[in-house]
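Visitor: Contents are mmCIF, C-alpha atoms; file name target14.cif:
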```
data_work
#
loop_
_atom_site.label_atom_id
_atom_site.label_comp_id
_atom_site.auth_asym_id
_atom_site.auth_seq_id
_atom_site.Cartn_x
_atom_site.Cartn_y
_atom_site.Cartn_z
CA MET A 1 -213.82 -77.37 -195.30
CA SER A 2 -213.47 -79.46 -198.45
CA GLY A 3 -210.64 -81.35 -196.74
CA VAL A 4 -212.94 -82.49 -193.94
CA VAL A 5 -215.58 -83.55 -196.46
CA PHE A 6 -212.96 -85.39 -198.48
CA PHE A 7 -211.65 -87.42 -195.57
CA LEU A 8 -215.09 -88.29 -194.22
CA VAL A 9 -216.33 -89.40 -197.63
CA ALA A 10 -213.06 -91.24 -198.38
CA ILE A 11 -213.38 -93.25 -195.16
CA LEU A 12 -216.99 -94.03 -196.02
CA ALA A 13 -215.99 -95.08 -199.54
CA VAL A 14 -213.26 -97.46 -198.34
CA ALA A 15 -215.54 -98.89 -195.64
CA SER A 16 -218.37 -99.52 -198.08
CA ALA A 17 -215.97 -101.13 -200.58
CA LEU A 18 -214.72 -103.44 -197.84
CA GLY A 19 -218.34 -104.18 -196.95
CA LEU A 20 -218.99 -105.23 -200.55
CA VAL A 21 -216.09 -107.67 -200.48
CA LEU A 22 -216.55 -109.02 -196.94
CA ARG A 23 -220.31 -109.43 -196.51
CA ARG A 24 -221.56 -112.83 -197.53
CA ASN A 25 -225.01 -111.74 -198.61
CA PRO A 26 -224.85 -110.23 -202.11
CA ILE A 27 -227.82 -107.94 -201.50
CA HIS A 28 -225.87 -106.30 -198.66
CA GLY A 29 -222.96 -106.05 -201.06
CA ALA A 30 -225.17 -104.32 -203.62
CA LEU A 31 -226.35 -101.79 -201.04
CA PHE A 32 -222.74 -101.17 -199.96
CA LEU A 33 -221.86 -100.61 -203.60
CA VAL A 34 -224.64 -97.99 -203.86
CA VAL A 35 -223.07 -96.16 -200.89
CA ASN A 36 -219.68 -96.41 -202.57
CA LEU A 37 -220.99 -95.00 -205.85
CA GLY A 38 -222.58 -92.12 -203.96
CA CYS A 39 -219.24 -91.42 -202.27
CA VAL A 40 -217.50 -91.34 -205.64
CA ALA A 41 -220.21 -88.93 -206.86
CA VAL A 42 -219.32 -86.62 -203.95
CA MET A 43 -215.67 -86.90 -205.01
CA TYR A 44 -216.65 -85.79 -208.50
CA LEU A 45 -218.43 -82.80 -206.97
CA LEU A 46 -215.32 -81.92 -204.97
CA LEU A 47 -213.27 -82.15 -208.17
CA GLY A 48 -215.60 -79.72 -209.93
CA ALA A 49 -217.26 -82.29 -212.22
CA GLU A 50 -220.92 -81.61 -211.51
CA PHE A 51 -222.19 -83.29 -214.66
CA LEU A 52 -220.37 -86.50 -213.84
CA ALA A 53 -221.66 -86.47 -210.27
CA LEU A 54 -225.23 -86.30 -211.57
CA ALA A 55 -224.57 -88.92 -214.25
CA GLN A 56 -222.99 -91.15 -211.62
CA VAL A 57 -226.08 -90.99 -209.42
CA ILE A 58 -228.54 -91.42 -212.28
CA ILE A 59 -226.74 -94.06 -214.38
CA TYR A 60 -224.83 -96.04 -211.75
CA ALA A 61 -226.77 -95.72 -208.53
CA GLY A 62 -230.05 -95.48 -210.41
CA ALA A 63 -229.99 -97.73 -213.45
CA ILE A 64 -227.11 -100.16 -213.03
CA MET A 65 -227.68 -100.93 -209.37
CA VAL A 66 -231.38 -101.52 -209.95
CA LEU A 67 -230.35 -104.11 -212.53
CA PHE A 68 -228.01 -105.71 -210.00
CA VAL A 69 -230.57 -105.81 -207.21
CA PHE A 70 -233.11 -107.22 -209.63
CA ALA A 71 -230.72 -109.95 -210.78
CA ILE A 72 -229.81 -110.81 -207.17
CA MET A 73 -233.49 -111.12 -206.26
CA VAL A 74 -234.09 -113.40 -209.24
CA LEU A 75 -231.05 -115.56 -208.67
CA ILE A 76 -230.32 -115.91 -204.97
CA PRO A 77 -230.84 -119.55 -204.06
CA GLY A 78 -231.32 -119.13 -200.32
CA LYS A 79 -227.84 -119.68 -198.95
CA GLU A 80 -224.75 -118.10 -200.26
CA GLU A 81 -221.17 -119.29 -200.67
CA THR A 82 -221.41 -122.08 -198.16
CA GLY A 83 -219.85 -125.49 -198.21
CA PRO A 84 -216.22 -126.45 -198.67
CA ASP A 85 -214.12 -124.12 -200.73
CA PRO A 86 -212.03 -126.16 -203.19
CA LEU A 87 -209.68 -123.27 -203.91
CA ARG A 88 -209.13 -122.04 -200.37
CA LEU A 89 -205.33 -122.02 -200.54
CA GLN A 90 -205.34 -120.03 -203.74
CA ARG A 91 -207.79 -117.55 -202.23
CA LEU A 92 -205.49 -117.00 -199.27
CA LEU A 93 -202.92 -115.79 -201.79
CA ALA A 94 -205.27 -112.98 -202.82
CA LEU A 95 -204.48 -110.76 -199.84
CA PRO A 96 -200.69 -110.59 -200.28
CA LEU A 97 -201.19 -110.21 -204.02
CA GLY A 98 -203.61 -107.33 -203.43
CA ALA A 99 -201.14 -105.65 -201.06
CA LEU A 100 -198.43 -106.07 -203.70
CA LEU A 101 -200.70 -104.48 -206.32
CA LEU A 102 -201.39 -101.53 -204.01
CA VAL A 103 -197.65 -100.99 -203.50
CA GLU A 104 -197.09 -101.15 -207.25
CA ILE A 105 -199.83 -98.62 -207.98
CA ALA A 106 -198.42 -96.32 -205.28
CA LEU A 107 -194.96 -96.56 -206.86
CA ILE A 108 -196.38 -95.82 -210.31
CA LEU A 109 -198.30 -92.81 -209.00
CA GLN A 110 -195.08 -91.45 -207.49
CA SER A 111 -193.35 -91.43 -210.86
CA SER A 112 -192.66 -88.09 -212.48
CA VAL A 113 -195.26 -88.63 -215.19
CA PHE A 114 -198.00 -88.24 -212.61
CA THR A 115 -196.41 -85.85 -210.16
CA ALA A 116 -194.93 -83.27 -212.53
CA ALA A 117 -197.10 -80.35 -213.58
CA PRO A 118 -198.74 -81.13 -216.96
CA HIS A 119 -197.75 -77.82 -218.46
CA PRO A 120 -195.01 -75.70 -216.94
CA GLY A 121 -196.43 -72.67 -215.21
CA VAL A 122 -200.02 -73.92 -215.28
CA GLN A 123 -201.77 -74.11 -211.92
CA PRO A 124 -203.67 -77.33 -211.22
CA GLY A 125 -207.43 -77.08 -211.36
CA TYR A 126 -209.85 -75.80 -213.93
CA ALA A 127 -209.66 -72.26 -215.20
CA ALA A 128 -212.79 -70.20 -214.68
CA GLY A 129 -215.67 -71.93 -216.46
CA ALA A 130 -213.48 -74.65 -217.99
CA GLY A 131 -214.66 -77.72 -216.08
CA GLY A 132 -218.34 -76.99 -215.72
CA ILE A 133 -221.34 -78.49 -217.40
CA GLN A 134 -221.18 -75.99 -220.27
CA SER A 135 -217.71 -76.93 -221.42
CA VAL A 136 -218.43 -80.66 -221.03
CA GLY A 137 -221.55 -80.31 -223.18
CA ARG A 138 -219.61 -78.39 -225.79
CA LEU A 139 -216.89 -81.03 -225.88
CA LEU A 140 -219.40 -83.89 -225.97
CA LEU A 141 -221.51 -82.52 -228.81
CA ARG A 142 -218.79 -80.91 -230.88
CA ASP A 143 -215.30 -82.37 -230.44
CA TYR A 144 -216.47 -85.85 -229.46
CA LEU A 145 -219.65 -86.00 -231.51
CA LEU A 146 -218.69 -89.14 -233.46
CA PRO A 147 -217.86 -91.24 -230.35
CA PHE A 148 -221.02 -89.93 -228.77
CA GLU A 149 -223.10 -91.22 -231.70
CA VAL A 150 -221.20 -94.51 -231.82
CA THR A 151 -222.16 -94.97 -228.16
CA SER A 152 -225.80 -95.11 -229.19
CA VAL A 153 -224.98 -97.96 -231.59
CA LEU A 154 -223.23 -99.75 -228.71
CA LEU A 155 -226.28 -99.38 -226.50
CA LEU A 156 -228.51 -100.67 -229.28
CA ALA A 157 -226.22 -103.66 -229.78
CA ALA A 158 -226.33 -104.39 -226.04
CA LEU A 159 -230.11 -104.14 -226.09
CA VAL A 160 -230.43 -106.58 -228.99
CA GLY A 161 -227.88 -108.93 -227.42
CA VAL A 162 -229.67 -109.00 -224.08
CA LEU A 163 -233.00 -109.69 -225.79
CA ALA A 164 -231.45 -112.53 -227.79
CA LEU A 165 -229.97 -114.01 -224.60
CA ALA A 166 -233.14 -113.65 -222.59
CA LYS A 167 -235.48 -115.09 -225.18
CA ARG A 168 -233.57 -118.29 -225.73
CA LYS A 169 -235.22 -121.23 -224.06
CA ALA A 170 -233.30 -122.95 -221.31
CA GLY A 171 -231.90 -126.28 -222.42
CA MET B 1 -208.39 -77.68 -201.48
CA VAL B 2 -207.27 -81.30 -201.24
CA PRO B 3 -204.39 -82.14 -203.63
CA GLU B 4 -205.19 -84.46 -206.51
CA SER B 5 -202.76 -87.09 -205.24
CA TYR B 6 -205.19 -87.83 -202.40
CA TYR B 7 -207.90 -88.63 -204.93
CA THR B 8 -205.58 -90.92 -206.89
CA ALA B 9 -204.53 -92.62 -203.63
CA LEU B 10 -208.19 -93.25 -202.77
CA SER B 11 -208.71 -94.55 -206.30
CA ALA B 12 -205.77 -96.95 -205.89
CA ILE B 13 -207.20 -98.26 -202.61
CA LEU B 14 -210.65 -98.77 -204.11
CA PHE B 15 -209.16 -100.51 -207.15
CA THR B 16 -207.16 -102.88 -204.96
CA ILE B 17 -210.23 -103.73 -202.88
CA GLY B 18 -212.04 -104.51 -206.15
CA VAL B 19 -209.21 -106.79 -207.30
CA VAL B 20 -209.21 -108.64 -203.99
CA GLY B 21 -212.99 -108.98 -204.26
CA VAL B 22 -212.69 -110.56 -207.69
CA LEU B 23 -210.03 -112.97 -206.43
CA VAL B 24 -211.71 -113.94 -203.16
CA ARG B 25 -215.43 -114.19 -203.86
CA ARG B 26 -217.19 -117.10 -205.55
CA ASN B 27 -220.53 -115.54 -206.45
CA PRO B 28 -220.39 -114.18 -210.02
CA LEU B 29 -222.72 -111.32 -209.06
CA VAL B 30 -220.37 -110.13 -206.31
CA ILE B 31 -217.41 -110.51 -208.69
CA PHE B 32 -219.32 -108.40 -211.19
CA MET B 33 -219.95 -105.74 -208.56
CA SER B 34 -216.25 -105.77 -207.67
CA ILE B 35 -215.49 -105.12 -211.32
CA GLU B 36 -217.84 -102.12 -211.17
CA LEU B 37 -215.87 -100.97 -208.13
CA MET B 38 -212.65 -101.12 -210.15
CA LEU B 39 -214.24 -99.22 -213.04
CA ASN B 40 -215.30 -96.52 -210.60
CA ALA B 41 -211.82 -96.28 -209.14
CA ALA B 42 -210.39 -95.82 -212.63
CA ASN B 43 -212.99 -93.14 -213.34
CA LEU B 44 -212.07 -91.31 -210.16
CA ALA B 45 -208.39 -91.34 -211.13
CA LEU B 46 -209.27 -90.02 -214.60
CA VAL B 47 -211.32 -87.15 -213.19
CA ALA B 48 -208.54 -86.30 -210.74
CA PHE B 49 -205.94 -86.20 -213.52
CA GLY B 50 -208.27 -84.16 -215.70
CA HIS B 51 -208.76 -81.72 -212.85
CA ARG B 52 -205.03 -81.30 -212.45
CA ALA B 53 -204.48 -80.81 -216.17
CA GLY B 54 -207.37 -78.37 -216.33
CA ALA B 55 -208.94 -80.31 -219.21
CA ALA B 56 -212.62 -81.25 -219.30
CA ASP B 57 -211.86 -84.00 -221.85
CA ALA B 58 -211.38 -86.45 -218.99
CA GLN B 59 -214.98 -85.91 -217.95
CA VAL B 60 -216.16 -86.77 -221.46
CA LEU B 61 -214.05 -89.92 -221.38
CA VAL B 62 -215.53 -90.92 -218.00
CA PHE B 63 -219.01 -90.35 -219.40
CA PHE B 64 -218.25 -92.78 -222.23
CA ILE B 65 -216.88 -95.30 -219.73
CA MET B 66 -220.14 -95.05 -217.78
CA THR B 67 -222.13 -95.76 -220.93
CA VAL B 68 -220.00 -98.77 -221.82
CA ALA B 69 -220.30 -100.00 -218.22
CA ALA B 70 -224.08 -99.80 -218.45
CA ALA B 71 -224.06 -101.89 -221.63
CA GLU B 72 -221.59 -104.32 -220.07
CA VAL B 73 -223.72 -104.79 -216.96
CA ALA B 74 -226.86 -105.44 -219.03
CA VAL B 75 -225.17 -108.10 -221.17
CA GLY B 76 -223.24 -109.63 -218.27
CA LEU B 77 -226.28 -109.98 -216.06
CA ALA B 78 -228.22 -111.52 -218.94
CA ILE B 79 -225.43 -114.08 -219.37
CA ILE B 80 -225.36 -114.85 -215.64
CA VAL B 81 -229.16 -115.27 -215.53
CA THR B 82 -229.02 -117.58 -218.57
CA ILE B 83 -226.27 -119.70 -217.00
CA PHE B 84 -228.24 -119.89 -213.77
CA ARG B 85 -231.29 -121.07 -215.71
CA LEU B 86 -229.21 -123.79 -217.33
CA GLN B 87 -227.33 -124.98 -214.24
CA ARG B 88 -229.48 -123.91 -211.27
CA ARG B 89 -226.37 -122.99 -209.30
CA LEU B 90 -224.12 -120.05 -209.06
CA SER B 91 -220.43 -120.51 -208.34
CA VAL B 92 -217.63 -119.43 -210.62
CA ASP B 93 -215.60 -122.49 -209.69
CA GLU B 94 -218.13 -124.74 -211.40
CA LEU B 95 -218.74 -122.66 -214.49
CA SER B 96 -217.27 -124.24 -217.55
CA ILE B 97 -220.11 -124.35 -220.06
CA MET B 98 -218.79 -121.33 -221.93
CA ARG B 99 -215.46 -123.05 -222.51
CA TRP B 100 -214.98 -125.10 -225.65
#
```
Please express the file's structure as structure tokens.

Guide:
Amino acid sequence: MSGVVFFLVAILAVASALGLVLRRNPIHGALFLVVNLGCVAVMYLLLGAEFLALAQVIIYAGAIMVLFVFAIMVLIPGKEETGPDPLRLQRLLALPLGALLLVEIALILQSSVFTAAPHPGVQPGYAAGAGGIQSVGRLLLRDYLLPFEVTSVLLLAALVGVLALAKRKAG
Amino acid sequence: MVPESYYTALSAILFTIGVVGVLVRRNPLVIFMSIELMLNAANLALVAFGHRAGAADAQVLVFFIMTVAAAEVAVGLAIIVTIFRLQRRLSVDELSIMRW
């Protein structure tokens, strides 16, 4: 059952990613990206990471993509990526280079570091109650409390930086 | 249960599509979205590895990555909007005002 769900959602994820890259209109790309983020959220669910699936939908598909759509609506000057492309030859190189990168990643993932069992005798997958929301919350607020608090400083810095950028007068 | 290697393979494909998007597109917003695609692919690989190792630490790490990505998007979009206000056009090939 989970195999069928995985393959359906994987196909949808790859198709929506291709849609993001291939469609000329950025607003279509943004909507494709929302579909892709939702697919990744389903993948998190299949991997037993419920908290991340929810955070993915709320933070990414909710907050970040709203920012993107908003910026696209503010910025789009009618037509998009038209006219002569001065770097066309270099862009044609992107496809073989991307294929090469994919082969390299596949080779790396085949290496024994990633294929061998992490601990001898340990079955893959979470032990009972190890990957759920409870254990993540315990890790986040106990073992990783300092990074968690530092994150709030980072968000504050981003907030102040964005305000400083936005308030400056053009020219 | 699907083996974790399938998830990492999907993550590799998504990451490659993101890289090609960054290389091919000219609109900084689309390039930015492709970068988000790559971040997501990396997150998916992390969660898959964490699932195989049976450690929930990977999920915490991915949560931090999401937070940093949110901050990055806010600042990046503010920069793009500011550049657009200064230049009235939006193509990465013509952007050089941040160089010195």

Visitor: Sort by chain and increasing residue number a table of all residues of chain B within 6 Å of chain A, each with its closest pair of atoms and their distance in Å to one decimal, counting all atoms listed in the file, and write it as a Markdown table.

Guide:
```
| residue | atom | partner | partner_atom | distance |
| --- | --- | --- | --- | --- |
| B:Val2 | CA | A:Gly3 | CA | 5.6 |
| B:Thr16 | CA | A:Gly98 | CA | 5.9 |
| B:Val20 | CA | A:Gly98 | CA | 5.8 |
| B:Gly21 | CA | A:Val21 | CA | 5.1 |
| B:Leu23 | CA | A:Ala94 | CA | 6.0 |
| B:Val24 | CA | A:Arg91 | CA | 5.4 |
| B:His51 | CA | A:Gly125 | CA | 5.1 |
| B:Arg52 | CA | A:Pro124 | CA | 4.4 |
| B:Ala53 | CA | A:Pro118 | CA | 5.8 |
| B:Gly54 | CA | A:Tyr126 | CA | 4.3 |
| B:Ala56 | CA | A:Gly131 | CA | 5.2 |
| B:Ala71 | CA | A:Ala158 | CA | 5.6 |
| B:Val75 | CA | A:Val162 | CA | 5.4 |
| B:Ala78 | CA | A:Val162 | CA | 5.9 |
| B:Leu86 | CA | A:Ala170 | CA | 5.8 |
```

Visitor: Using the chain letters and numbering of this document, enumerate as a PyMOL selection string the residues selected by the PyMOL selection byres ((chain B and resi 90) around 9).

Guide: (chain A and resi 75-77+81) or (chain B and resi 26-29+80+83-84+87-89+91-95)

Visitor: Nearest to B:Thr67: which of A:Ile108, A:Ile58, A:Met73, A:Val113 is it, counting all atoms listed in the file?

Guide: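 Between A:Ile108, A:Ile58, A:Met73, A:Val113, the residue approaching B:Thr67 most closely is A:Ile58.
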
Visitor: For this file, the PyMOL selection byres ((chain B and resi 14) around 9) selects which residues, as a ChimeraX atom specification?

Guide: /A:13-14,17-18 /B:9-13,15-19,37-38,40-41

Visitor: Calculate how many Å separate atom CA of B:Ala48 from atom CA of A:Val35, rounding to one decimal.

Guide: 20.1 Å

Visitor: Restricting the calculation to only C-alpha atoms, which member of B:Glu4, B:Glu72, B:Ser96, B:Val22 is positioned closest to B:Leu46?

Guide: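 Comparing B:Glu4, B:Glu72, B:Ser96, B:Val22 against B:Leu46, the winner is B:Glu4.
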
Visitor: For a test of reading the model, state the distance in Å between atom CA of A:Gly38 and atom CA of A:Ala61, rounded to one decimal.

Guide: 7.2 Å

Visitor: At what distance in Å, to one decimal, does atom CA of B:Thr8 lie from atom CA of B:Leu44?

Guide: 7.3 Å

Visitor: Looking at all atoms listed in the file, which of A:Leu89, A:Leu141, A:Val66, A:Leu8 is the one that sits closest to A:Leu31?

Guide: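 Ranking A:Leu89, A:Leu141, A:Val66, A:Leu8 by distance to A:Leu31, first place goes to A:Val66.
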
Visitor: Would you pull stretch 18-59 of chain B out of the block just shown and save C-alpha atoms as a PDB file, in the first residue's frame?

Guide:
```pdb
ATOM      1  CA  GLY B  18      16.697  22.324  -8.952  1.00  0.00           C
ATOM      2  CA  VAL B  19      20.298  22.710 -10.141  1.00  0.00           C
ATOM      3  CA  VAL B  20      19.207  22.709 -13.783  1.00  0.00           C
ATOM      4  CA  GLY B  21      16.546  25.282 -12.915  1.00  0.00           C
ATOM      5  CA  VAL B  22      19.152  27.578 -11.374  1.00  0.00           C
ATOM      6  CA  LEU B  23      21.391  27.202 -14.424  1.00  0.00           C
ATOM      7  CA  VAL B  24      18.720  27.589 -17.095  1.00  0.00           C
ATOM      8  CA  ARG B  25      16.295  30.236 -15.863  1.00  0.00           C
ATOM      9  CA  ARG B  26      16.858  33.989 -15.979  1.00  0.00           C
ATOM     10  CA  ASN B  27      14.197  35.220 -13.573  1.00  0.00           C
ATOM     11  CA  PRO B  28      15.697  35.590 -10.078  1.00  0.00           C
ATOM     12  CA  LEU B  29      12.379  34.575  -8.508  1.00  0.00           C
ATOM     13  CA  VAL B  30      12.330  31.268 -10.385  1.00  0.00           C
ATOM     14  CA  ILE B  31      15.999  30.728  -9.509  1.00  0.00           C
ATOM     15  CA  PHE B  32      15.096  31.356  -5.884  1.00  0.00           C
ATOM     16  CA  MET B  33      12.280  28.814  -6.081  1.00  0.00           C
ATOM     17  CA  SER B  34      14.679  26.301  -7.616  1.00  0.00           C
ATOM     18  CA  ILE B  35      16.959  26.839  -4.638  1.00  0.00           C
ATOM     19  CA  GLU B  36      14.005  26.056  -2.371  1.00  0.00           C
ATOM     20  CA  LEU B  37      13.517  22.884  -4.397  1.00  0.00           C
ATOM     21  CA  MET B  38      17.125  21.887  -3.714  1.00  0.00           C
ATOM     22  CA  LEU B  39      16.740  22.625  -0.001  1.00  0.00           C
ATOM     23  CA  ASN B  40      13.684  20.388   0.072  1.00  0.00           C
ATOM     24  CA  ALA B  41      15.524  17.590  -1.686  1.00  0.00           C
ATOM     25  CA  ALA B  42      18.303  17.795   0.897  1.00  0.00           C
ATOM     26  CA  ASN B  43      15.720  17.727   3.689  1.00  0.00           C
ATOM     27  CA  LEU B  44      14.106  14.643   2.210  1.00  0.00           C
ATOM     28  CA  ALA B  45      17.472  12.872   2.067  1.00  0.00           C
ATOM     29  CA  LEU B  46      18.144  13.835   5.706  1.00  0.00           C
ATOM     30  CA  VAL B  47      14.805  12.474   6.880  1.00  0.00           C
ATOM     31  CA  ALA B  48      15.366   9.258   4.921  1.00  0.00           C
ATOM     32  CA  PHE B  49      18.805   8.754   6.475  1.00  0.00           C
ATOM     33  CA  GLY B  50      17.423   9.559   9.912  1.00  0.00           C
ATOM     34  CA  HIS B  51      14.683   7.003   9.381  1.00  0.00           C
ATOM     35  CA  ARG B  52      17.212   4.351   8.479  1.00  0.00           C
ATOM     36  CA  ALA B  53      19.420   5.147  11.459  1.00  0.00           C
ATOM     37  CA  GLY B  54      16.402   5.197  13.748  1.00  0.00           C
ATOM     38  CA  ALA B  55      17.388   8.626  15.081  1.00  0.00           C
ATOM     39  CA  ALA B  56      14.926  11.500  15.409  1.00  0.00           C
ATOM     40  CA  ASP B  57      17.828  13.988  15.469  1.00  0.00           C
ATOM     41  CA  ALA B  58      17.564  14.302  11.698  1.00  0.00           C
ATOM     42  CA  GLN B  59      14.040  15.640  12.069  1.00  0.00           C
TER      43      GLN B  59
END
```
